[in-house]
file my_file_39.csv (CSV, C-alpha atoms)
chain,number,residue,atom,x,y,z
A,153,MET,CA,-125.3,-216.2,-15.9
A,154,THR,CA,-124.9,-219.3,-18.0
A,155,LYS,CA,-128.2,-220.8,-19.0
A,156,VAL,CA,-128.7,-224.3,-17.7
A,157,LEU,CA,-130.1,-226.5,-20.5
A,158,GLN,CA,-132.2,-229.6,-19.9
A,159,LYS,CA,-131.0,-233.0,-21.0
A,160,THR,CA,-133.1,-236.0,-22.1
A,161,ALA,CA,-132.5,-239.5,-20.8
A,162,LEU,CA,-130.5,-240.2,-24.0
A,163,TYR,CA,-127.9,-237.4,-23.4
A,164,ASN,CA,-125.1,-239.9,-22.5
A,165,ALA,CA,-125.9,-242.0,-25.5
A,166,TYR,CA,-125.6,-239.0,-27.7
A,167,LYS,CA,-122.2,-238.2,-26.4
A,168,GLN,CA,-121.0,-241.8,-26.8
A,169,ALA,CA,-122.4,-241.8,-30.4
A,170,GLY,CA,-120.4,-238.6,-31.2
A,171,ALA,CA,-123.2,-236.1,-31.3
A,172,ARG,CA,-122.6,-232.4,-31.9
A,173,CYS,CA,-125.1,-230.7,-29.6
A,174,ILE,CA,-126.8,-227.3,-29.7
A,175,GLU,CA,-129.6,-225.6,-27.7
A,176,PHE,CA,-133.2,-226.3,-28.9
A,177,ALA,CA,-136.4,-225.7,-26.9
A,178,GLY,CA,-134.4,-225.3,-23.7
A,179,TYR,CA,-132.6,-228.6,-24.2
A,180,GLU,CA,-129.1,-229.6,-25.2
A,181,ARG,CA,-129.9,-231.6,-28.4
A,182,PRO,CA,-127.9,-233.3,-31.1
A,183,ALA,CA,-127.6,-231.2,-34.3
A,184,TRP,CA,-126.0,-234.1,-36.1
A,185,PHE,CA,-124.0,-237.2,-35.4
A,186,SER,CA,-122.2,-237.7,-38.7
A,187,SER,CA,-123.5,-235.1,-41.1
A,188,MET,CA,-126.9,-233.6,-42.0
A,189,LYS,CA,-126.7,-235.1,-45.6
A,190,GLU,CA,-125.7,-238.6,-44.4
A,191,GLU,CA,-128.5,-238.7,-41.8
A,192,HIS,CA,-131.1,-237.3,-44.3
A,193,LEU,CA,-130.3,-239.9,-46.9
A,194,ALA,CA,-130.3,-242.7,-44.3
A,195,VAL,CA,-133.9,-241.9,-43.5
A,196,ARG,CA,-134.9,-241.7,-47.2
A,197,GLU,CA,-133.1,-244.9,-48.1
A,198,ASN,CA,-133.1,-247.1,-44.9
A,199,ALA,CA,-134.0,-245.9,-41.4
A,200,GLY,CA,-133.0,-243.3,-38.8
A,201,VAL,CA,-133.7,-242.7,-35.1
A,202,PHE,CA,-134.4,-239.4,-33.5
A,203,ASP,CA,-134.8,-238.5,-29.9
A,204,ILE,CA,-137.9,-236.4,-29.6
A,205,SER,CA,-138.2,-236.5,-25.8
A,206,HIS,CA,-138.1,-232.7,-25.6
A,207,MET,CA,-141.7,-232.7,-27.0
A,208,GLY,CA,-144.5,-232.5,-24.5
A,209,ILE,CA,-146.2,-235.8,-23.7
A,210,PHE,CA,-149.6,-235.6,-21.9
A,211,HIS,CA,-152.2,-238.0,-20.8
A,212,VAL,CA,-155.8,-236.7,-20.5
A,213,TRP,CA,-158.7,-238.7,-19.1
A,214,GLY,CA,-162.0,-238.5,-17.2
A,215,ALA,CA,-165.7,-238.4,-17.8
A,216,GLY,CA,-165.5,-235.0,-19.6
A,217,SER,CA,-162.3,-235.6,-21.5
A,218,ASP,CA,-163.8,-236.2,-25.0
A,219,ALA,CA,-165.7,-232.9,-24.8
A,220,PHE,CA,-162.6,-231.1,-23.3
A,221,MET,CA,-160.4,-232.3,-26.2
A,222,GLN,CA,-163.0,-231.1,-28.7
A,223,LYS,CA,-163.2,-227.7,-27.0
A,224,LEU,CA,-159.4,-227.3,-27.6
A,225,SER,CA,-159.2,-229.0,-31.0
A,226,THR,CA,-159.9,-227.5,-34.5
A,227,ASN,CA,-160.2,-231.1,-35.9
A,228,SER,CA,-162.9,-233.5,-35.0
A,229,VAL,CA,-162.0,-235.7,-32.1
A,230,SER,CA,-164.5,-238.3,-33.2
A,231,LYS,CA,-161.8,-239.5,-35.7
A,232,ALA,CA,-159.5,-240.3,-32.8
A,233,LEU,CA,-161.6,-242.3,-30.5
A,234,ASN,CA,-160.6,-245.8,-31.5
A,235,SER,CA,-156.8,-246.0,-31.2
A,236,LYS,CA,-156.3,-243.4,-34.0
A,237,MET,CA,-154.0,-240.5,-34.0
A,238,ILE,CA,-155.1,-237.2,-35.6
A,239,TYR,CA,-153.3,-234.0,-36.5
A,240,SER,CA,-154.9,-230.8,-35.2
A,241,MET,CA,-154.3,-227.3,-33.9
A,242,PHE,CA,-155.1,-225.6,-30.6
A,243,LEU,CA,-156.1,-221.9,-31.0
A,244,ASN,CA,-156.4,-218.9,-28.8
A,245,GLU,CA,-159.5,-216.8,-28.6
A,246,SER,CA,-158.3,-214.7,-31.5
A,247,GLY,CA,-158.1,-217.7,-33.8
A,248,MET,CA,-154.3,-217.8,-33.8
A,249,ILE,CA,-152.3,-221.0,-33.5
A,250,LEU,CA,-151.2,-221.8,-30.0
A,251,ASP,CA,-149.7,-225.1,-31.2
A,252,ASP,CA,-150.1,-227.9,-33.7
A,253,VAL,CA,-150.6,-231.2,-32.0
A,254,MET,CA,-151.1,-235.0,-32.4
A,255,PHE,CA,-153.4,-236.9,-30.2
A,256,GLY,CA,-155.5,-240.1,-30.0
A,257,LYS,CA,-157.5,-242.1,-27.5
A,258,PHE,CA,-156.1,-245.5,-26.5
A,259,ASN,CA,-157.4,-247.6,-23.5
A,260,ASP,CA,-159.7,-244.7,-22.4
A,261,ILE,CA,-156.8,-242.2,-22.2
A,262,TRP,CA,-156.1,-239.4,-24.6
A,263,HIS,CA,-152.4,-239.4,-25.6
A,264,LEU,CA,-151.3,-235.9,-26.6
A,265,ILE,CA,-148.0,-234.8,-28.2
A,266,VAL,CA,-147.2,-231.1,-28.3
A,267,ASN,CA,-144.1,-229.1,-29.5
A,268,GLY,CA,-141.3,-228.9,-27.0
A,269,SER,CA,-141.1,-225.1,-27.2
A,270,ASN,CA,-144.8,-224.9,-26.3
A,271,LYS,CA,-145.3,-227.6,-23.7
A,272,ASP,CA,-145.4,-225.2,-20.7
A,273,LYS,CA,-147.8,-222.9,-22.5
A,274,ILE,CA,-150.1,-225.7,-23.5
A,275,ALA,CA,-150.0,-227.3,-20.0
A,276,ASN,CA,-151.1,-224.0,-18.5
A,277,TRP,CA,-153.7,-223.5,-21.3
A,278,MET,CA,-155.2,-226.9,-20.6
A,279,GLN,CA,-155.3,-226.4,-16.9
A,280,ALA,CA,-157.0,-223.1,-17.3
A,281,GLN,CA,-159.7,-224.6,-19.6
A,282,LYS,CA,-160.3,-228.0,-18.0
A,283,PRO,CA,-163.5,-228.9,-16.1
A,284,ALA,CA,-163.5,-230.7,-12.8
A,285,ASP,CA,-164.1,-234.1,-14.3
A,286,VAL,CA,-160.9,-234.1,-16.4
A,287,GLU,CA,-157.4,-235.1,-15.3
A,288,ILE,CA,-154.2,-234.2,-17.0
A,289,LYS,CA,-150.7,-235.7,-16.4
A,290,GLN,CA,-147.5,-234.8,-18.1
A,291,LYS,CA,-145.4,-237.9,-18.8
A,292,ASN,CA,-142.0,-236.3,-19.6
A,293,SER,CA,-140.6,-237.0,-16.1
A,294,THR,CA,-141.0,-240.7,-16.5
A,295,HIS,CA,-141.1,-241.4,-20.3
A,296,SER,CA,-139.0,-240.8,-23.4
A,297,LEU,CA,-140.2,-240.4,-27.0
A,298,ILE,CA,-138.1,-241.6,-30.0
A,299,ALA,CA,-139.0,-241.6,-33.7
A,300,VAL,CA,-137.8,-244.4,-36.0
A,301,GLN,CA,-138.3,-243.3,-39.5
A,302,GLY,CA,-137.7,-244.7,-43.0
A,303,GLN,CA,-138.8,-247.3,-45.5
A,304,ASN,CA,-137.2,-250.1,-43.5
A,305,ALA,CA,-138.4,-248.9,-40.0
A,306,ALA,CA,-141.2,-251.4,-39.7
A,307,ASP,CA,-139.1,-254.4,-40.6
A,308,ILE,CA,-136.3,-253.5,-38.2
A,309,LEU,CA,-138.7,-252.8,-35.3
A,310,ASP,CA,-140.6,-256.1,-36.0
A,311,ASN,CA,-137.3,-257.9,-35.2
A,312,LEU,CA,-136.7,-255.9,-32.0
A,313,LEU,CA,-140.1,-255.5,-30.3
A,314,ASP,CA,-142.3,-258.2,-28.8
A,315,SER,CA,-145.1,-257.8,-31.3
A,316,PRO,CA,-145.0,-256.7,-35.0
A,317,VAL,CA,-145.5,-253.0,-35.5
A,318,SER,CA,-145.9,-253.6,-39.2
A,319,GLU,CA,-149.5,-254.6,-38.4
A,320,ILE,CA,-150.2,-251.2,-37.0
A,321,GLY,CA,-152.2,-249.0,-39.5
A,322,ARG,CA,-151.0,-245.5,-40.5
A,323,PHE,CA,-151.9,-243.0,-37.8
A,324,ASN,CA,-152.9,-245.8,-35.4
A,325,ILE,CA,-151.8,-246.5,-31.8
A,326,ALA,CA,-150.9,-249.9,-30.3
A,327,SER,CA,-149.0,-251.3,-27.4
A,328,THR,CA,-146.0,-253.6,-27.5
A,329,GLN,CA,-142.9,-254.3,-25.4
A,330,PHE,CA,-139.2,-254.1,-25.6
A,331,ASN,CA,-137.2,-256.2,-23.1
A,332,SER,CA,-140.5,-256.8,-21.3
A,333,VAL,CA,-141.0,-253.0,-20.8
A,334,ASP,CA,-144.2,-251.4,-22.2
A,335,VAL,CA,-143.9,-249.4,-25.4
A,336,LEU,CA,-146.7,-247.3,-26.9
A,337,ALA,CA,-146.2,-247.2,-30.7
A,338,CYS,CA,-147.8,-244.6,-33.0
A,339,ARG,CA,-147.4,-245.0,-36.7
A,340,THR,CA,-146.7,-241.3,-37.3
A,341,GLY,CA,-143.7,-239.1,-38.0
A,342,TYR,CA,-142.3,-235.8,-39.2
A,343,THR,CA,-140.1,-236.9,-42.2
A,344,GLY,CA,-142.5,-237.8,-45.0
A,345,GLU,CA,-141.4,-241.4,-44.6
A,346,ASP,CA,-143.1,-244.4,-43.0
A,347,GLY,CA,-142.2,-244.7,-39.4
A,348,PHE,CA,-143.1,-244.9,-35.7
A,349,GLU,CA,-143.0,-242.7,-32.6
A,350,LEU,CA,-142.3,-244.8,-29.5
A,351,MET,CA,-143.0,-243.9,-25.9
A,352,ILE,CA,-140.9,-245.9,-23.4
A,353,ALA,CA,-139.7,-245.5,-19.8
A,354,HIS,CA,-136.5,-243.5,-19.3
A,355,SER,CA,-134.9,-246.6,-17.8
A,356,GLU,CA,-135.0,-248.6,-21.0
A,357,VAL,CA,-134.7,-245.9,-23.8
A,358,GLU,CA,-130.9,-245.9,-23.9
A,359,THR,CA,-130.9,-249.7,-24.5
A,360,LEU,CA,-133.5,-249.4,-27.2
A,361,PHE,CA,-131.6,-246.5,-28.9
A,362,ASN,CA,-128.3,-248.4,-28.9
A,363,THR,CA,-130.0,-251.6,-30.1
A,364,LEU,CA,-131.5,-249.7,-33.0
A,365,ILE,CA,-128.0,-248.4,-33.9
A,366,GLU,CA,-126.6,-251.9,-33.7
A,367,ASN,CA,-129.3,-252.9,-36.2
A,368,GLU,CA,-128.1,-250.4,-38.8
A,369,VAL,CA,-130.5,-247.6,-37.9
A,370,THR,CA,-128.7,-244.3,-38.2
A,371,PRO,CA,-128.8,-241.8,-35.3
A,372,CYS,CA,-130.1,-238.5,-36.6
A,373,GLY,CA,-130.1,-234.9,-35.3
A,374,LEU,CA,-132.0,-231.7,-35.7
A,375,ALA,CA,-130.4,-230.7,-38.9
A,376,ALA,CA,-131.6,-233.7,-40.8
A,377,ARG,CA,-135.0,-233.5,-39.1
A,378,ASP,CA,-135.3,-230.0,-40.5
A,379,THR,CA,-134.3,-230.8,-44.0
A,380,LEU,CA,-136.5,-233.9,-44.1
A,381,ARG,CA,-139.6,-232.0,-43.0
A,382,ILE,CA,-138.9,-229.1,-45.4
A,383,GLU,CA,-138.7,-231.5,-48.3
A,384,PHE,CA,-142.2,-232.7,-47.5
A,385,GLY,CA,-143.5,-229.2,-46.7
A,386,LEU,CA,-144.2,-230.0,-43.0
A,387,PRO,CA,-144.6,-227.0,-40.7
A,388,LEU,CA,-142.4,-226.0,-37.8
A,389,TYR,CA,-143.9,-224.0,-34.9
A,390,GLY,CA,-142.4,-220.6,-34.8
A,391,GLN,CA,-141.9,-220.5,-38.5
A,392,GLU,CA,-144.9,-221.8,-40.5
A,393,LEU,CA,-147.2,-221.7,-37.4
A,394,SER,CA,-147.4,-219.1,-34.6
A,395,GLU,CA,-149.7,-216.9,-32.6
A,396,GLN,CA,-149.5,-214.4,-35.5
A,397,ILE,CA,-150.7,-217.1,-38.0
A,398,HIS,CA,-154.1,-218.6,-38.2
A,399,PRO,CA,-155.0,-222.0,-39.8
A,400,LEU,CA,-156.6,-220.5,-42.9
A,401,MET,CA,-153.2,-219.0,-43.8
A,402,THR,CA,-151.6,-222.5,-43.7
A,403,ARG,CA,-151.6,-225.5,-46.0
A,404,TYR,CA,-153.5,-227.3,-43.3
A,405,LYS,CA,-156.9,-225.6,-43.6
A,406,TRP,CA,-158.4,-229.1,-43.6
A,407,VAL,CA,-157.8,-229.5,-39.9
A,408,VAL,CA,-160.5,-226.9,-39.2
A,409,LYS,CA,-163.9,-228.5,-38.8
A,410,PHE,CA,-166.4,-225.6,-38.5
A,411,ASP,CA,-169.2,-228.0,-37.6
A,412,GLU,CA,-167.4,-228.6,-34.3
A,413,ASP,CA,-167.2,-226.1,-31.4
A,414,PHE,CA,-163.7,-225.1,-30.4
A,415,ILE,CA,-161.9,-222.2,-28.8
A,416,GLY,CA,-161.1,-219.6,-31.5
A,417,LYS,CA,-163.9,-220.7,-33.9
A,418,GLN,CA,-165.9,-217.4,-33.9
A,419,ALA,CA,-162.7,-215.4,-34.5
A,420,LEU,CA,-161.7,-217.7,-37.3
A,421,LEU,CA,-165.1,-217.4,-39.0
A,422,LYS,CA,-164.5,-213.6,-39.1
A,423,LEU,CA,-161.0,-214.1,-40.4
A,424,LYS,CA,-162.4,-216.1,-43.3
A,425,GLU,CA,-163.8,-212.8,-44.8
A,426,HIS,CA,-160.4,-211.0,-44.8
A,427,ASP,CA,-157.5,-211.2,-47.2
A,428,HIS,CA,-154.4,-212.9,-45.7
A,429,LEU,CA,-151.1,-214.3,-46.8
A,430,GLN,CA,-151.1,-217.9,-48.0
A,431,ALA,CA,-148.5,-220.7,-47.3
A,432,VAL,CA,-146.8,-222.0,-50.5
A,433,GLY,CA,-143.8,-223.9,-51.6
A,434,LEU,CA,-141.1,-222.1,-53.7
A,435,GLU,CA,-138.3,-223.4,-55.9
A,436,LEU,CA,-135.5,-221.0,-56.4
A,437,ALA,CA,-133.6,-220.6,-59.6
A,438,GLU,CA,-130.2,-220.5,-57.9
A,439,PRO,CA,-128.7,-222.8,-55.2
A,440,LEU,CA,-128.9,-220.2,-52.5
A,441,ILE,CA,-130.6,-221.0,-49.2
A,442,ALA,CA,-133.7,-218.8,-48.5
A,443,ARG,CA,-133.6,-218.3,-44.7
A,444,PRO,CA,-136.6,-217.6,-42.4
A,445,ASN,CA,-137.9,-214.0,-42.7
A,446,TYR,CA,-136.2,-213.3,-46.0
A,447,LYS,CA,-138.4,-210.8,-47.9
A,448,ILE,CA,-140.3,-211.7,-51.0
A,449,ILE,CA,-140.3,-208.6,-53.2
A,450,GLN,CA,-143.8,-209.0,-54.4
A,451,GLY,CA,-145.1,-209.4,-50.8
A,452,GLY,CA,-144.7,-211.9,-48.0
A,453,TYR,CA,-141.7,-213.7,-46.6
A,454,VAL,CA,-139.9,-217.0,-46.4
A,455,SER,CA,-140.6,-219.2,-43.4
A,456,SER,CA,-138.1,-222.0,-44.0
A,457,GLY,CA,-135.6,-223.0,-46.7
A,458,THR,CA,-133.0,-225.5,-47.5
A,459,LEU,CA,-131.0,-227.1,-50.3
A,460,SER,CA,-132.7,-230.5,-50.9
A,461,PRO,CA,-130.2,-233.3,-50.4
A,462,ILE,CA,-132.3,-235.4,-52.8
A,463,THR,CA,-132.9,-233.0,-55.7
A,464,GLY,CA,-130.0,-230.5,-55.1
A,465,LYS,CA,-132.5,-227.7,-55.6
A,466,SER,CA,-133.1,-224.7,-53.3
A,467,VAL,CA,-136.6,-225.0,-51.9
A,468,ALA,CA,-138.5,-222.9,-49.4
A,469,LEU,CA,-141.8,-222.6,-47.5
A,470,ALA,CA,-143.2,-219.1,-47.7
A,471,PHE,CA,-146.2,-216.9,-47.2
A,472,VAL,CA,-147.3,-214.8,-50.3
A,473,PRO,CA,-150.4,-212.7,-51.1
A,474,LYS,CA,-153.4,-214.8,-52.2
A,475,ASN,CA,-153.1,-213.7,-55.8
A,476,LEU,CA,-149.6,-215.3,-56.0
A,477,ALA,CA,-150.6,-218.5,-54.2
A,478,ILE,CA,-151.0,-220.3,-57.5
A,479,ILE,CA,-148.8,-223.0,-58.9
A,480,GLY,CA,-146.4,-221.4,-61.5
A,481,SER,CA,-146.6,-217.9,-60.1
A,482,GLU,CA,-143.2,-216.2,-60.2
A,483,VAL,CA,-141.7,-214.1,-57.4
A,484,GLU,CA,-138.3,-212.9,-56.2
A,485,VAL,CA,-136.7,-213.6,-52.9
A,486,GLU,CA,-134.2,-211.1,-51.5
A,487,ILE,CA,-131.1,-213.0,-50.4
A,488,ARG,CA,-128.3,-210.9,-49.0
A,489,LYS,CA,-129.4,-207.8,-51.1
A,490,LYS,CA,-129.7,-209.9,-54.2
A,491,SER,CA,-132.9,-210.6,-56.0
A,492,VAL,CA,-133.3,-214.4,-56.7
A,493,ALA,CA,-136.0,-215.7,-59.0
A,494,ALA,CA,-138.4,-218.3,-57.6
A,495,LYS,CA,-141.7,-219.9,-58.6
A,496,VAL,CA,-144.5,-221.4,-56.7
A,497,VAL,CA,-144.5,-225.2,-56.9
A,498,LYS,CA,-146.3,-228.2,-55.5
A,499,VAL,CA,-145.5,-229.5,-52.1
A,500,PRO,CA,-144.0,-232.0,-51.2
A,501,PHE,CA,-141.0,-230.9,-53.2
A,502,LEU,CA,-139.9,-234.5,-54.0
call {"tool": "encode", "arguments": {"input": "my_file_39.csv", "output": "structure tokens"}}
result
Amino acid sequence: MTKVLQKTALYNAYKQAGARCIEFAGYERPAWFSSMKEEHLAVRENAGVFDISHMGIFHVWGAGSDAFMQKLSTNSVSKALNSKMIYSMFLNESGMILDDVMFGKFNDIWHLIVNGSNKDKIANWMQAQKPADVEIKQKNSTHSLIAVQGQNAADILDNLLDSPVSEIGRFNIASTQFNSVDVLACRTGYTGEDGFELMIAHSEVETLFNTLIENEVTPCGLAARDTLRIEFGLPLYGQELSEQIHPLMTRYKWVVKFDEDFIGKQALLKLKEHDHLQAVGLELAEPLIARPNYKIIQGGYVSSGTLSPITGKSVALAFVPKNLAIIGSEVEVEIRKKSVAAKVVKVPFL
């Protein structure tokens, strides 16, 4: 039986813009419009727009919502009470990562963004944990999410939206409008560049998408999104994060605030005492791509890899034994039965 893929409200706009689509997180999504390299460079040098409507969008509110969000979150929710977005993780009882998330409180409502591949899992997890005085609503049926990223993103959006987004602080939330339709703007992103994630009603998102393209913003697909995030060492769920990985293995240990109470805390305290692999960045000596799950001969494995369109070098995110998780350590990656020299380097790679 042929698998039926979901489509976002921008699907027709993709096709009109010449997108090459693939399956991702149960959706038919654009891999690229022109080419990965062209789209990657557009974000680094000007601005690009990504449809990220496959991601889970949730609103959480009610008298007990602050305490509920803290129960789920490794990071302190007190940082996100005043129109701020924070990065955090939700863990299972074993201390392993259910998802990495972004959330913040705006107008007494918690705005939560989760990974597309995990939105059903997280929806069910929240429903199982929530008290009676908390309400949860998923917004994907009515709203789209797009990311406008790049050094010129703020200037371009200032000319298109009803109020200037350049005045929004980094990791802040604010409301504006496009064609008199409400837009929730978060100054966040997944590319290493300045930019914004915009939530807007399905009815208006295609007009906004096309207007951005008319204003020299490049439509971008999943291929460029992946190379951009790898260059800056940003994790992808299912590769750098999973239910077989706990936060202390990652480069994001800082999201764990042990002075807060959260699901998985006790298990994580015990895991602190054990040896575990550590996330690092690698630079390879040869221009060969290190794919996910390629073996590191000294121990560990590659989680993501690419040829950087900016530097031309082969770089990878990987997990290695703790004694090798030191800048300058040398390892070998097994690529198609060939041993390729690599060294541990600082991340971001740029």
call {"tool": "residues_near_point", "arguments": {"input": "my_file_39.csv", "point": "(-145.4, -221.8, -49.1)", "cutoff": "12 Å", "atoms": "all atoms listed in the file", "output": "short mmCIF file (atom, residue, chain, number, x, y, z; two decimals) with C-alpha atoms, keeping the file's coordinate frame"}}
result
data_model
loop_
_atom_site.label_atom_id
_atom_site.label_comp_id
_atom_site.auth_asym_id
_atom_site.auth_seq_id
_atom_site.Cartn_x
_atom_site.Cartn_y
_atom_site.Cartn_z
CA ILE A 382 -138.90 -229.10 -45.40
CA GLU A 383 -138.70 -231.50 -48.30
CA PHE A 384 -142.20 -232.70 -47.50
CA GLY A 385 -143.50 -229.20 -46.70
CA LEU A 386 -144.20 -230.00 -43.00
CA PRO A 387 -144.60 -227.00 -40.70
CA GLN A 391 -141.90 -220.50 -38.50
CA GLU A 392 -144.90 -221.80 -40.50
CA LEU A 393 -147.20 -221.70 -37.40
CA MET A 401 -153.20 -219.00 -43.80
CA THR A 402 -151.60 -222.50 -43.70
CA ARG A 403 -151.60 -225.50 -46.00
CA TYR A 404 -153.50 -227.30 -43.30
CA LEU A 429 -151.10 -214.30 -46.80
CA GLN A 430 -151.10 -217.90 -48.00
CA ALA A 431 -148.50 -220.70 -47.30
CA VAL A 432 -146.80 -222.00 -50.50
CA GLY A 433 -143.80 -223.90 -51.60
CA LEU A 434 -141.10 -222.10 -53.70
CA GLU A 435 -138.30 -223.40 -55.90
CA PRO A 444 -136.60 -217.60 -42.40
CA ILE A 448 -140.30 -211.70 -51.00
CA GLY A 452 -144.70 -211.90 -48.00
CA TYR A 453 -141.70 -213.70 -46.60
CA VAL A 454 -139.90 -217.00 -46.40
CA SER A 455 -140.60 -219.20 -43.40
CA SER A 456 -138.10 -222.00 -44.00
CA GLY A 457 -135.60 -223.00 -46.70
CA VAL A 467 -136.60 -225.00 -51.90
CA ALA A 468 -138.50 -222.90 -49.40
CA LEU A 469 -141.80 -222.60 -47.50
CA ALA A 470 -143.20 -219.10 -47.70
CA PHE A 471 -146.20 -216.90 -47.20
CA VAL A 472 -147.30 -214.80 -50.30
CA PRO A 473 -150.40 -212.70 -51.10
CA LYS A 474 -153.40 -214.80 -52.20
CA LEU A 476 -149.60 -215.30 -56.00
CA ALA A 477 -150.60 -218.50 -54.20
CA ILE A 478 -151.00 -220.30 -57.50
CA ILE A 479 -148.80 -223.00 -58.90
CA SER A 481 -146.60 -217.90 -60.10
CA VAL A 483 -141.70 -214.10 -57.40
CA ALA A 494 -138.40 -218.30 -57.60
CA LYS A 495 -141.70 -219.90 -58.60
CA VAL A 496 -144.50 -221.40 -56.70
CA VAL A 497 -144.50 -225.20 -56.90
CA LYS A 498 -146.30 -228.20 -55.50
CA VAL A 499 -145.50 -229.50 -52.10
CA PRO A 500 -144.00 -232.00 -51.20
CA PHE A 501 -141.00 -230.90 -53.20
#
call {"tool": "closest_residue", "arguments": {"input": "my_file_39.csv", "among": "A:Trp277, A:Trp406, A:Phe210, A:Tyr163", "to": "Glu180 (chain A)", "atoms": "all atoms listed in the file"}}
result
A:Tyr163
call {"tool": "closest_residue", "arguments": {"input": "my_file_39.csv", "among": "A:Leu350, A:Leu224, A:Val212, A:Val357", "to": "Asp251 (chain A)", "atoms": "all atoms listed in the file"}}
result
A:Leu224
call {"tool": "closest_atom_pairs", "arguments": {"input": "my_file_39.csv", "of": "region 161-192 of chain A", "to": "region 280-303 of chain A", "cutoff": "12 Å", "atoms": "all atoms listed in the file", "output": "JSON lines"}}
result
{"residue": "A:Ala161", "atom": "CA", "partner": "A:Ser296", "partner_atom": "CA", "distance": 7.1}
{"residue": "A:Leu162", "atom": "CA", "partner": "A:Ser296", "partner_atom": "CA", "distance": 8.5}
{"residue": "A:Tyr163", "atom": "CA", "partner": "A:Ser296", "partner_atom": "CA", "distance": 11.6}
{"residue": "A:Glu191", "atom": "CA", "partner": "A:Gly302", "partner_atom": "CA", "distance": 11.0}
{"residue": "A:His192", "atom": "CA", "partner": "A:Gly302", "partner_atom": "CA", "distance": 10.0}
call {"tool": "closest_residue", "arguments": {"input": "my_file_39.csv", "among": "A:Arg381, A:His206, A:Lys465, A:Lys409", "to": "Glu438 (chain A)", "atoms": "only C-alpha atoms"}}
result
A:Lys465
call {"tool": "residues_near_point", "arguments": {"input": "my_file_39.csv", "point": "(-145.1, -240.0, -37.6)", "cutoff": "8 Å", "atoms": "only C-alpha atoms", "output": "PDB file with C-alpha atoms, in the coordinates of the input"}}
result
ATOM      1  CA  ALA A 299    -139.000-241.600 -33.700  1.00  0.00           C
ATOM      2  CA  GLN A 301    -138.300-243.300 -39.500  1.00  0.00           C
ATOM      3  CA  PHE A 323    -151.900-243.000 -37.800  1.00  0.00           C
ATOM      4  CA  CYS A 338    -147.800-244.600 -33.000  1.00  0.00           C
ATOM      5  CA  ARG A 339    -147.400-245.000 -36.700  1.00  0.00           C
ATOM      6  CA  THR A 340    -146.700-241.300 -37.300  1.00  0.00           C
ATOM      7  CA  GLY A 341    -143.700-239.100 -38.000  1.00  0.00           C
ATOM      8  CA  TYR A 342    -142.300-235.800 -39.200  1.00  0.00           C
ATOM      9  CA  THR A 343    -140.100-236.900 -42.200  1.00  0.00           C
ATOM     10  CA  ASP A 346    -143.100-244.400 -43.000  1.00  0.00           C
ATOM     11  CA  GLY A 347    -142.200-244.700 -39.400  1.00  0.00           C
ATOM     12  CA  PHE A 348    -143.100-244.900 -35.700  1.00  0.00           C
ATOM     13  CA  GLU A 349    -143.000-242.700 -32.600  1.00  0.00           C
TER      14      GLU A 349
END
